[in-house]
$ cat final_8.csv   # CSV, C-alpha atoms
chain,number,residue,atom,x,y,z
G,1,MET,CA,1.6,5.0,29.9
G,2,ARG,CA,0.2,8.4,29.3
G,3,ARG,CA,1.6,9.5,25.9
G,4,ILE,CA,1.4,7.5,22.8
G,5,VAL,CA,2.6,8.7,19.4
G,6,VAL,CA,1.4,7.0,16.2
G,7,VAL,CA,3.5,7.6,13.1
G,8,GLY,CA,1.3,7.1,10.1
G,9,ASN,CA,-2.2,8.2,9.3
G,10,GLY,CA,-3.3,5.4,7.0
G,11,ILE,CA,-5.6,2.5,7.9
G,12,ALA,CA,-3.0,0.9,10.2
G,13,GLY,CA,-2.6,4.2,12.2
G,14,LEU,CA,-6.3,4.8,12.3
G,15,THR,CA,-7.0,1.3,13.5
G,16,ALA,CA,-4.3,1.5,16.2
G,17,CYS,CA,-5.8,4.7,17.5
G,18,ASP,CA,-9.3,3.3,17.6
G,19,THR,CA,-8.1,0.1,19.3
G,20,LEU,CA,-6.2,1.9,21.9
G,21,ARG,CA,-9.2,4.0,22.8
G,22,ARG,CA,-11.5,0.9,22.9
G,23,ALA,CA,-9.0,-0.8,25.2
G,24,GLY,CA,-9.3,2.0,27.7
G,25,PHE,CA,-6.3,4.2,26.9
G,26,ASP,CA,-7.4,7.8,27.8
G,27,GLY,CA,-4.0,9.5,27.7
G,28,GLU,CA,-2.5,11.8,25.2
G,29,LEU,CA,-2.6,10.4,21.7
G,30,THR,CA,-0.8,12.1,18.8
G,31,VAL,CA,-0.9,11.0,15.1
G,32,VAL,CA,1.9,12.1,12.8
G,33,GLY,CA,0.9,11.7,9.1
G,34,ALA,CA,2.9,12.6,6.0
G,35,GLU,CA,-0.2,12.8,3.9
G,36,ARG,CA,-2.4,15.8,4.3
G,37,HIS,CA,-5.6,13.7,4.2
G,38,ARG,CA,-7.3,11.8,7.0
G,39,PRO,CA,-7.4,8.1,6.3
G,40,TYR,CA,-9.2,7.0,3.2
G,41,SER,CA,-9.8,3.7,1.4
G,42,ARG,CA,-6.7,3.1,-0.6
G,43,PRO,CA,-8.1,0.0,-2.4
G,44,ALA,CA,-10.9,2.1,-3.8
G,45,LEU,CA,-8.4,4.2,-5.8
G,46,SER,CA,-7.7,1.5,-8.3
G,47,LYS,CA,-11.1,-0.3,-8.1
G,48,ALA,CA,-13.5,2.6,-8.3
G,49,LEU,CA,-11.9,6.0,-9.1
G,50,LEU,CA,-11.0,5.2,-12.7
G,51,HIS,CA,-14.5,3.9,-13.3
G,52,ASP,CA,-16.6,6.5,-11.4
G,53,ASP,CA,-17.0,10.3,-11.8
G,54,GLY,CA,-16.8,11.2,-8.2
G,55,LEU,CA,-14.3,10.7,-5.3
G,56,THR,CA,-16.8,9.5,-2.7
G,57,ALA,CA,-15.6,5.8,-3.0
G,58,HIS,CA,-12.4,6.6,-1.1
G,59,GLU,CA,-14.0,8.3,1.9
G,60,LEU,CA,-13.9,6.8,5.4
G,61,PRO,CA,-16.0,7.9,8.4
G,62,GLU,CA,-14.6,10.7,10.5
G,63,PRO,CA,-12.2,9.5,13.2
G,64,THR,CA,-13.6,9.3,16.7
G,65,HIS,CA,-10.3,8.6,18.6
G,66,GLU,CA,-9.9,12.3,19.4
G,67,ALA,CA,-6.2,12.2,18.8
G,68,THR,CA,-4.1,15.3,18.0
G,69,GLU,CA,-3.5,15.0,14.3
G,70,LEU,CA,-0.3,16.5,12.7
G,71,LEU,CA,-1.1,16.0,9.0
G,72,GLY,CA,1.3,16.8,6.2
G,73,VAL,CA,4.1,16.3,8.7
G,74,SER,CA,6.8,13.7,8.3
G,75,ALA,CA,8.7,11.9,11.0
G,76,ALA,CA,12.5,12.2,10.7
G,77,GLY,CA,13.8,9.9,13.4
G,78,VAL,CA,13.5,8.2,16.7
G,79,ASP,CA,15.7,8.6,19.8
G,80,MET,CA,14.9,5.5,21.9
G,81,ASP,CA,16.9,6.6,24.9
G,82,ALA,CA,15.2,10.0,25.1
G,83,ARG,CA,11.9,8.5,24.0
G,84,VAL,CA,11.2,11.2,21.4
G,85,VAL,CA,10.1,11.2,17.8
G,86,ARG,CA,11.9,13.8,15.7
G,87,LEU,CA,9.8,15.6,13.1
G,88,ALA,CA,11.1,16.9,9.8
G,89,GLY,CA,10.6,20.5,10.9
G,90,GLY,CA,12.9,20.0,13.9
G,91,ASP,CA,10.2,19.6,16.6
G,92,GLU,CA,10.2,16.6,18.9
G,93,LEU,CA,7.4,14.6,20.3
G,94,PRO,CA,7.9,12.7,23.6
G,95,TYR,CA,6.3,9.3,24.0
G,96,ASP,CA,5.8,6.6,26.5
G,97,GLY,CA,4.6,4.3,23.7
G,98,LEU,CA,5.2,4.5,20.0
G,99,VAL,CA,3.2,2.9,17.1
G,100,ILE,CA,5.1,2.8,13.8
G,101,ALA,CA,2.6,2.6,10.9
G,102,SER,CA,4.3,4.7,8.3
G,103,GLY,CA,3.3,2.4,5.4
G,104,SER,CA,5.0,2.1,2.1
G,105,ARG,CA,5.5,4.0,-1.1
G,106,ALA,CA,5.2,2.8,-4.7
G,107,ARG,CA,8.4,1.4,-6.4
G,108,ARG,CA,9.2,3.1,-9.7
G,109,LEU,CA,11.1,2.2,-12.8
G,110,ALA,CA,12.7,5.6,-13.0
G,111,ALA,CA,15.3,6.4,-10.4
G,112,ALA,CA,13.2,9.4,-9.2
G,113,PRO,CA,10.2,11.4,-10.5
G,114,ARG,CA,10.8,14.7,-12.3
G,115,HIS,CA,10.3,17.7,-10.1
G,116,ASP,CA,8.6,19.6,-13.0
G,117,GLY,CA,5.8,17.0,-13.2
G,118,SER,CA,6.6,16.1,-16.8
G,119,SER,CA,7.4,12.5,-16.2
G,120,ARG,CA,5.5,10.0,-18.3
G,121,GLU,CA,5.6,7.4,-15.5
G,122,LEU,CA,2.8,7.4,-13.1
G,123,THR,CA,2.3,5.2,-10.0
G,124,LEU,CA,-0.9,4.6,-8.1
G,125,ARG,CA,-0.6,4.8,-4.3
G,126,THR,CA,-2.2,8.0,-3.0
G,127,ILE,CA,-5.4,9.8,-3.8
G,128,GLU,CA,-3.3,12.5,-5.5
G,129,ASP,CA,-1.8,9.7,-7.7
G,130,ALA,CA,-5.3,8.5,-8.6
G,131,ILE,CA,-6.6,11.9,-9.5
G,132,THR,CA,-3.5,12.7,-11.6
G,133,LEU,CA,-3.8,9.3,-13.4
G,134,LYS,CA,-7.4,9.8,-14.3
G,135,GLN,CA,-6.7,13.3,-15.6
G,136,ARG,CA,-3.7,12.2,-17.6
G,137,VAL,CA,-5.3,9.1,-19.0
G,138,ALA,CA,-8.2,11.1,-20.3
G,139,ALA,CA,-5.8,12.9,-22.6
G,140,CYS,CA,-3.6,9.9,-23.5
G,141,PRO,CA,-5.1,7.4,-25.9
G,142,SER,CA,-2.2,5.0,-25.5
G,143,VAL,CA,-1.0,3.6,-22.2
G,144,ILE,CA,1.5,1.0,-21.1
G,145,VAL,CA,0.9,-0.6,-17.7
G,146,VAL,CA,3.9,-2.4,-16.2
G,147,GLY,CA,3.1,-5.0,-13.6
G,148,GLY,CA,0.8,-8.0,-13.8
G,149,GLY,CA,-0.3,-8.1,-10.2
G,150,PRO,CA,-3.8,-7.0,-8.9
G,151,LEU,CA,-2.9,-3.3,-9.0
G,152,GLY,CA,-1.5,-3.4,-12.5
G,153,MET,CA,-4.5,-5.4,-13.8
G,154,GLU,CA,-7.0,-3.0,-12.1
G,155,ALA,CA,-5.2,0.0,-13.5
G,156,ALA,CA,-5.3,-1.6,-17.0
G,157,SER,CA,-9.0,-2.3,-16.6
G,158,GLY,CA,-9.7,1.3,-15.6
G,159,CYS,CA,-7.7,2.7,-18.6
G,160,LEU,CA,-9.6,0.5,-21.0
G,161,HIS,CA,-12.8,1.7,-19.4
G,162,LEU,CA,-11.7,5.3,-20.2
G,163,GLY,CA,-11.2,4.4,-23.9
G,164,CYS,CA,-7.4,3.9,-24.0
G,165,GLU,CA,-5.4,1.4,-26.0
G,166,VAL,CA,-3.6,-0.5,-23.3
G,167,MET,CA,-0.6,-2.8,-23.3
G,168,LEU,CA,0.2,-4.7,-20.1
G,169,VAL,CA,3.8,-5.7,-19.5
G,170,SER,CA,4.5,-8.6,-17.1
G,171,ASP,CA,7.4,-10.9,-16.6
G,172,ALA,CA,5.0,-13.7,-15.6
G,173,LYS,CA,1.4,-14.6,-16.4
G,174,PRO,CA,-0.7,-11.8,-14.9
G,175,LEU,CA,-2.1,-12.7,-11.4
G,176,SER,CA,-0.5,-16.1,-11.5
G,177,ARG,CA,1.8,-15.4,-8.5
G,178,GLN,CA,-1.2,-14.2,-6.4
G,179,LEU,CA,-4.0,-16.6,-7.7
G,180,GLY,CA,-2.4,-19.5,-9.5
G,181,ASP,CA,-2.8,-20.5,-13.2
G,182,HIS,CA,-6.5,-21.3,-13.2
G,183,LEU,CA,-7.8,-18.0,-11.9
G,184,SER,CA,-5.1,-16.1,-13.8
G,185,ASP,CA,-6.4,-17.7,-17.0
G,186,MET,CA,-9.9,-16.5,-16.2
G,187,PHE,CA,-8.8,-12.9,-15.7
G,188,THR,CA,-6.5,-12.7,-18.7
G,189,ALA,CA,-9.2,-14.2,-21.0
G,190,ALA,CA,-11.7,-11.6,-19.8
G,191,ALA,CA,-9.1,-8.8,-20.2
G,192,ALA,CA,-8.2,-10.0,-23.8
G,193,ARG,CA,-11.9,-9.9,-24.7
G,194,ARG,CA,-12.0,-6.3,-23.7
G,195,GLY,CA,-9.0,-5.4,-25.8
G,196,LEU,CA,-6.0,-5.6,-23.4
G,197,ARG,CA,-2.8,-6.5,-25.1
G,198,PHE,CA,-0.3,-8.6,-23.1
G,199,VAL,CA,3.5,-8.3,-23.6
G,200,SER,CA,6.2,-10.3,-21.9
G,201,GLY,CA,9.9,-10.1,-22.3
G,202,GLY,CA,11.6,-9.9,-18.9
G,203,ARG,CA,12.5,-7.0,-16.7
G,204,ALA,CA,11.3,-3.6,-17.9
G,205,ARG,CA,13.2,-0.4,-18.1
G,206,LEU,CA,11.7,3.1,-18.6
G,207,VAL,CA,13.2,5.3,-21.3
G,208,ASP,CA,11.6,8.8,-21.0
G,209,ILE,CA,11.7,10.6,-24.3
G,210,GLY,CA,9.7,13.7,-23.5
G,211,ALA,CA,6.7,13.6,-25.8
G,212,GLY,CA,6.1,10.0,-24.9
G,213,ALA,CA,7.7,7.1,-23.1
G,214,ARG,CA,9.4,4.0,-24.2
G,215,VAL,CA,9.6,0.8,-22.2
G,216,ALA,CA,12.6,-1.4,-23.0
G,217,LEU,CA,12.4,-5.1,-22.0
G,218,ALA,CA,15.2,-7.4,-21.2
G,219,ASN,CA,14.7,-9.4,-24.4
G,220,GLY,CA,15.2,-6.3,-26.6
G,221,THR,CA,11.6,-5.5,-27.2
G,222,GLU,CA,10.8,-1.8,-27.1
G,223,LEU,CA,7.3,-0.4,-26.6
G,224,GLU,CA,6.1,3.2,-26.9
G,225,ALA,CA,3.1,5.0,-25.6
G,226,GLU,CA,2.0,8.4,-24.4
G,227,LEU,CA,1.9,7.3,-20.8
G,228,VAL,CA,3.4,4.6,-18.6
G,229,VAL,CA,1.7,3.4,-15.4
G,230,THR,CA,3.9,1.3,-13.2
G,231,ALA,CA,2.6,-1.2,-10.6
G,232,VAL,CA,5.8,-3.0,-9.7
G,233,GLY,CA,5.5,-3.3,-5.9
G,234,ASP,CA,6.2,-1.1,-3.0
G,235,GLU,CA,8.9,-0.1,-0.6
G,236,PRO,CA,8.4,0.3,3.2
G,237,ASN,CA,8.8,3.8,4.5
G,238,ILE,CA,11.7,3.0,6.9
G,239,ASP,CA,14.2,5.7,5.9
G,240,TRP,CA,13.3,7.8,8.9
G,241,LEU,CA,14.3,4.9,11.1
G,242,ALA,CA,17.9,4.7,9.8
G,243,GLY,CA,20.3,5.0,12.7
G,244,SER,CA,17.6,4.4,15.3
G,245,GLY,CA,18.7,0.8,16.1
G,246,LEU,CA,15.3,-0.5,15.3
G,247,LEU,CA,16.1,-2.0,11.9
G,248,VAL,CA,17.5,-5.5,11.5
G,249,ASP,CA,19.3,-6.3,8.2
G,250,GLY,CA,17.6,-3.2,6.8
G,251,ALA,CA,14.1,-4.2,7.8
G,252,LEU,CA,11.6,-3.4,10.6
G,253,ARG,CA,10.6,-6.6,12.3
G,254,ALA,CA,7.7,-7.2,14.8
G,255,ASP,CA,6.7,-10.2,16.8
G,256,SER,CA,3.3,-11.9,16.8
G,257,ARG,CA,2.0,-9.1,19.1
G,258,GLY,CA,3.4,-6.3,16.9
G,259,ARG,CA,6.2,-5.5,19.3
G,260,VAL,CA,9.5,-4.2,18.1
G,261,ARG,CA,10.5,-3.6,21.7
G,262,PRO,CA,8.3,-3.3,24.8
G,263,ASP,CA,7.5,0.4,24.2
G,264,ILE,CA,7.4,0.3,20.4
G,265,VAL,CA,5.1,-1.6,18.1
G,266,ALA,CA,4.6,-1.7,14.4
G,267,ALA,CA,1.8,-2.5,12.0
G,268,GLY,CA,0.9,-2.5,8.3
G,269,ASP,CA,3.0,-2.3,5.2
G,270,VAL,CA,6.1,-0.9,7.0
G,271,THR,CA,6.9,-4.1,8.9
G,272,LEU,CA,7.8,-7.7,8.7
G,273,PHE,CA,5.3,-9.8,10.7
G,274,PRO,CA,5.2,-13.5,11.6
G,275,THR,CA,2.8,-15.5,9.4
G,276,ARG,CA,2.2,-19.2,8.8
G,277,ARG,CA,4.7,-19.0,6.0
G,278,GLY,CA,7.4,-17.2,8.0
G,279,LEU,CA,8.3,-13.6,8.6
G,280,ALA,CA,6.9,-11.5,5.8
G,281,ARG,CA,5.6,-8.1,4.8
G,282,VAL,CA,1.9,-8.5,3.8
G,283,PRO,CA,0.9,-5.3,2.2
G,284,LEU,CA,-2.9,-5.8,2.2
G,285,TRP,CA,-5.6,-3.6,3.5
G,286,THR,CA,-7.1,-6.1,5.9
G,287,SER,CA,-3.6,-7.3,7.0
G,288,ALA,CA,-2.9,-3.7,8.1
G,289,ILE,CA,-6.1,-3.6,10.1
G,290,ASP,CA,-5.4,-7.0,11.8
G,291,GLN,CA,-1.8,-6.1,12.6
G,292,ALA,CA,-2.8,-2.7,14.0
G,293,LYS,CA,-5.3,-4.3,16.4
G,294,ALA,CA,-2.7,-6.8,17.6
G,295,ALA,CA,0.0,-4.1,17.9
G,296,ALA,CA,-2.2,-1.7,20.0
G,297,ALA,CA,-3.0,-4.5,22.4
G,298,GLY,CA,0.6,-5.6,22.5
G,299,LEU,CA,1.7,-2.1,23.4
G,300,LEU,CA,-0.8,-1.8,26.3
G,301,HIS,CA,-0.8,-5.4,27.6
G,302,GLY,CA,2.5,-7.0,26.6
G,303,ASP,CA,2.6,-10.8,26.8
G,304,ALA,CA,-1.0,-10.8,28.0
G,305,ALA,CA,-2.2,-9.6,24.6
G,306,PRO,CA,-3.3,-12.2,22.1
G,307,GLU,CA,-1.0,-13.3,19.4
G,308,LEU,CA,-2.0,-12.6,15.8
G,309,ASP,CA,-2.6,-15.6,13.6
G,310,PHE,CA,-4.4,-14.0,10.7
G,311,GLN,CA,-5.7,-15.3,7.3
G,312,PRO,CA,-4.8,-13.0,4.4
G,313,TYR,CA,-7.7,-11.6,2.6
G,314,PHE,CA,-7.8,-9.5,-0.5
G,315,TRP,CA,-10.1,-8.7,-3.4
G,316,THR,CA,-9.6,-7.6,-6.9
G,317,GLU,CA,-12.0,-6.3,-9.6
G,318,GLY,CA,-11.5,-5.8,-13.3
G,319,PHE,CA,-12.7,-6.6,-16.8
G,320,GLY,CA,-16.2,-7.4,-15.5
G,321,LEU,CA,-15.0,-9.9,-12.9
G,322,SER,CA,-14.7,-9.6,-9.1
G,323,LEU,CA,-12.8,-12.0,-6.9
G,324,LYS,CA,-12.3,-12.3,-3.1
G,325,ALA,CA,-9.6,-14.5,-1.7
G,326,ILE,CA,-9.3,-15.7,1.9
G,327,GLY,CA,-6.2,-17.6,3.0
G,328,PHE,CA,-2.7,-18.0,1.5
G,329,THR,CA,-2.4,-18.0,-2.2
G,330,PRO,CA,-1.7,-18.9,-5.0
G,331,VAL,CA,-4.1,-21.8,-5.3
G,332,ALA,CA,-3.2,-24.9,-7.3
G,333,GLY,CA,-5.8,-26.2,-9.7
G,334,ALA,CA,-9.4,-25.1,-9.9
G,335,PRO,CA,-10.6,-23.7,-6.5
G,336,ASP,CA,-13.9,-24.3,-4.9
G,337,TYR,CA,-16.5,-21.5,-5.4
G,338,CYS,CA,-18.9,-20.1,-2.9
$ encode --input "final_8.csv" --output "structure tokens"
Amino acid sequence: MRRIVVVGNGIAGLTACDTLRRAGFDGELTVVGAERHRPYSRPALSKALLHDDGLTAHELPEPTHEATELLGVSAAGVDMDARVVRLAGGDELPYDGLVIASGSRARRLAAAPRHDGSSRELTLRTIEDAITLKQRVAACPSVIVVGGGPLGMEAASGCLHLGCEVMLVSDAKPLSRQLGDHLSDMFTAAAARRGLRFVSGGRARLVDIGAGARVALANGTELEAELVVTAVGDEPNIDWLAGSGLLVDGALRADSRGRVRPDIVAAGDVTLFPTRRGLARVPLWTSAIDQAKAAAAGLLHGDAAPELDFQPYFWTEGFGLSLKAIGFTPVAGAPDYC
């Protein structure tokens, strides 16, 4: 195997490249990345950027894998018979081995963002999203955050820190799906003390009215603010794989060594991976790292590579609290503290 192409320049793509080099691969390594930036710390965008003045929290060390990096370039397809990756501009990259690490994108309430940039719905996925959010929030005293998961709660905390009046819309108790009722209660109590208003009412729908934005809930409640931040999950970037024969029931599936087929592996938010709770997408920073290490080894060594049996790990910060969770959640009852 002399030519490996890595599609995706996030943490999964970076980890795959580093792992390949550490494992002795000295052939031609090419990274195709839709983002113009080299890898950066995505968790820091919601945890630090809205609280800090600078952007240094997102920076990662310069890559040392010496790959050819095609940044700001999107993959458009794969021809498995010819073993080439087609690029959006029409070029083709031949490969002996392929790593699919194209990540995911934020799910939105609106069908599509406005091209003129006037939409009142913002998401938080990329560094550009974070910078735009901080700039817009500074001029918007009222904000609705839709989504009660870690990202929504972190965004709400950041908006409160910047002096906004914030309503958080969630169809369940915030963080309960991730952490269970006990820890959810701790975070929601801390958030309420800092002025966060909680609203429930079923599924939310965005009604853009130009000067502001209105969120309509399934129970008939309507909320209005100058800005809406949505944190309602993500969607894997698999559109470019349509027609490739790699998708099963509309999803990209990998085995416990990251293999989709012997010459193609996948890692990170883009793929379903075997876990102790079954085949699942686990869109966590450390999960992407663990999967990428397994996938790189699986590509080089096949069945001789170790299988991945990872423990999920994530952390969240907000409202003066910081929590780190190892293992499968939610947790029933009061957990043990370290």
$ residues_around --input "final_8.csv" --residues "Ala251 (chain G)" --least-positions-apart "2" --cutoff "10 Å" --atoms "only C-alpha atoms" --output "PDB file with C-alpha atoms, keeping the file's coordinate frame"
ATOM      1  CA  PRO G 236       8.400   0.300   3.200  1.00  0.00           C
ATOM      2  CA  ILE G 238      11.700   3.000   6.900  1.00  0.00           C
ATOM      3  CA  LEU G 241      14.300   4.900  11.100  1.00  0.00           C
ATOM      4  CA  ALA G 242      17.900   4.700   9.800  1.00  0.00           C
ATOM      5  CA  LEU G 246      15.300  -0.500  15.300  1.00  0.00           C
ATOM      6  CA  LEU G 247      16.100  -2.000  11.900  1.00  0.00           C
ATOM      7  CA  VAL G 248      17.500  -5.500  11.500  1.00  0.00           C
ATOM      8  CA  ASP G 249      19.300  -6.300   8.200  1.00  0.00           C
ATOM      9  CA  ARG G 253      10.600  -6.600  12.300  1.00  0.00           C
ATOM     10  CA  ALA G 254       7.700  -7.200  14.800  1.00  0.00           C
ATOM     11  CA  VAL G 270       6.100  -0.900   7.000  1.00  0.00           C
ATOM     12  CA  THR G 271       6.900  -4.100   8.900  1.00  0.00           C
ATOM     13  CA  LEU G 272       7.800  -7.700   8.700  1.00  0.00           C
ATOM     14  CA  ARG G 281       5.600  -8.100   4.800  1.00  0.00           C
TER      15      ARG G 281
END
$ atom_distance --input "final_8.csv" --atom1 "CA of Ala82 (chain G)" --atom2 "CA of Arg36 (chain G)"
27.9 Å
$ atom_distance --input "final_8.csv" --atom1 "CA of His51 (chain G)" --atom2 "CA of Val215 (chain G)"
25.9 Å
$ closest_atom_pairs --input "final_8.csv" --of "region 223-310 of chain G" --to "region 3-19 of chain G" --cutoff "8 Å" --atoms "all atoms listed in the file" --output "CSV"
residue,atom,partner,partner_atom,distance
G:Ala267,CA,G:Ala12,CA,6.2
G:Gly268,CA,G:Ala12,CA,5.5
G:Trp285,CA,G:Ile11,CA,7.5
G:Ala288,CA,G:Ala12,CA,5.1
G:Ile289,CA,G:Ala12,CA,5.5
G:Gln291,CA,G:Ala12,CA,7.5
G:Ala292,CA,G:Ala16,CA,5.0
G:Lys293,CA,G:Ala16,CA,5.9
G:Ala295,CA,G:Ala16,CA,7.3
G:Ala296,CA,G:Ala16,CA,5.4
G:Ala297,CA,G:Thr19,CA,7.5
$ residues_near_point --input "final_8.csv" --point "(-1.5, 11.0, -9.0)" --cutoff "12 Å" --atoms "all atoms listed in the file" --output "short mmCIF file (atom, residue, chain, number, x, y, z; two decimals) with C-alpha atoms, in the coordinates of the input"
data_model
loop_
_atom_site.label_atom_id
_atom_site.label_comp_id
_atom_site.auth_asym_id
_atom_site.auth_seq_id
_atom_site.Cartn_x
_atom_site.Cartn_y
_atom_site.Cartn_z
CA LEU G 45 -8.40 4.20 -5.80
CA SER G 46 -7.70 1.50 -8.30
CA LEU G 49 -11.90 6.00 -9.10
CA LEU G 50 -11.00 5.20 -12.70
CA ALA G 106 5.20 2.80 -4.70
CA PRO G 113 10.20 11.40 -10.50
CA GLY G 117 5.80 17.00 -13.20
CA SER G 119 7.40 12.50 -16.20
CA ARG G 120 5.50 10.00 -18.30
CA GLU G 121 5.60 7.40 -15.50
CA LEU G 122 2.80 7.40 -13.10
CA THR G 123 2.30 5.20 -10.00
CA LEU G 124 -0.90 4.60 -8.10
CA ARG G 125 -0.60 4.80 -4.30
CA THR G 126 -2.20 8.00 -3.00
CA ILE G 127 -5.40 9.80 -3.80
CA GLU G 128 -3.30 12.50 -5.50
CA ASP G 129 -1.80 9.70 -7.70
CA ALA G 130 -5.30 8.50 -8.60
CA ILE G 131 -6.60 11.90 -9.50
CA THR G 132 -3.50 12.70 -11.60
CA LEU G 133 -3.80 9.30 -13.40
CA LYS G 134 -7.40 9.80 -14.30
CA GLN G 135 -6.70 13.30 -15.60
CA ARG G 136 -3.70 12.20 -17.60
CA VAL G 137 -5.30 9.10 -19.00
CA VAL G 229 1.70 3.40 -15.40
CA THR G 230 3.90 1.30 -13.20
#
$ atom_distance --input "final_8.csv" --atom1 "CA of Arg194 (chain G)" --atom2 "CA of Gly149 (chain G)"
18.0 Å
$ residues_near_point --input "final_8.csv" --point "(-12.2, -9.2, -2.7)" --cutoff "12 Å" --atoms "all atoms listed in the file" --output "number ranges by chain"
G: 43-44, 47, 150, 284-286, 312-318, 321-327
$ write_last_selection --input "final_8.csv" --atoms "C-alpha atoms" --output "short mmCIF file (atom, residue, chain, number, x, y, z; two decimals), keeping the file's coordinate frame"
data_model
loop_
_atom_site.label_atom_id
_atom_site.label_comp_id
_atom_site.auth_asym_id
_atom_site.auth_seq_id
_atom_site.Cartn_x
_atom_site.Cartn_y
_atom_site.Cartn_z
CA PRO G 43 -8.10 0.00 -2.40
CA ALA G 44 -10.90 2.10 -3.80
CA LYS G 47 -11.10 -0.30 -8.10
CA PRO G 150 -3.80 -7.00 -8.90
CA LEU G 284 -2.90 -5.80 2.20
CA TRP G 285 -5.60 -3.60 3.50
CA THR G 286 -7.10 -6.10 5.90
CA PRO G 312 -4.80 -13.00 4.40
CA TYR G 313 -7.70 -11.60 2.60
CA PHE G 314 -7.80 -9.50 -0.50
CA TRP G 315 -10.10 -8.70 -3.40
CA THR G 316 -9.60 -7.60 -6.90
CA GLU G 317 -12.00 -6.30 -9.60
CA GLY G 318 -11.50 -5.80 -13.30
CA LEU G 321 -15.00 -9.90 -12.90
CA SER G 322 -14.70 -9.60 -9.10
CA LEU G 323 -12.80 -12.00 -6.90
CA LYS G 324 -12.30 -12.30 -3.10
CA ALA G 325 -9.60 -14.50 -1.70
CA ILE G 326 -9.30 -15.70 1.90
CA GLY G 327 -6.20 -17.60 3.00
#
$ closest_residue --input "final_8.csv" --among "G:Asp290, G:Asp185, G:Glu224, G:Asp263" --to "Val99 (chain G)" --atoms "all atoms listed in the file"
G:Asp263
$ closest_residue --input "final_8.csv" --among "G:Glu28, G:Asp79, G:Glu226, G:Asp309" --to "Trp240 (chain G)" --atoms "all atoms listed in the file"
G:Asp79
$ closest_residue --input "final_8.csv" --among "G:Gly33, G:Gly77, G:Gly220, G:Pro283" --to "Gly245 (chain G)" --atoms "all atoms listed in the file"
G:Gly77
$ residues_around --input "final_8.csv" --residues "Arg107 (chain G)" --least-positions-apart "5" --cutoff "9 Å" --atoms "only C-alpha atoms" --output "PDB file with C-alpha atoms, in the coordinates of the input"
ATOM      1  CA  THR G 123       2.300   5.200 -10.000  1.00  0.00           C
ATOM      2  CA  THR G 230       3.900   1.300 -13.200  1.00  0.00           C
ATOM      3  CA  ALA G 231       2.600  -1.200 -10.600  1.00  0.00           C
ATOM      4  CA  VAL G 232       5.800  -3.000  -9.700  1.00  0.00           C
ATOM      5  CA  GLY G 233       5.500  -3.300  -5.900  1.00  0.00           C
ATOM      6  CA  ASP G 234       6.200  -1.100  -3.000  1.00  0.00           C
ATOM      7  CA  GLU G 235       8.900  -0.100  -0.600  1.00  0.00           C
TER       8      GLU G 235
END
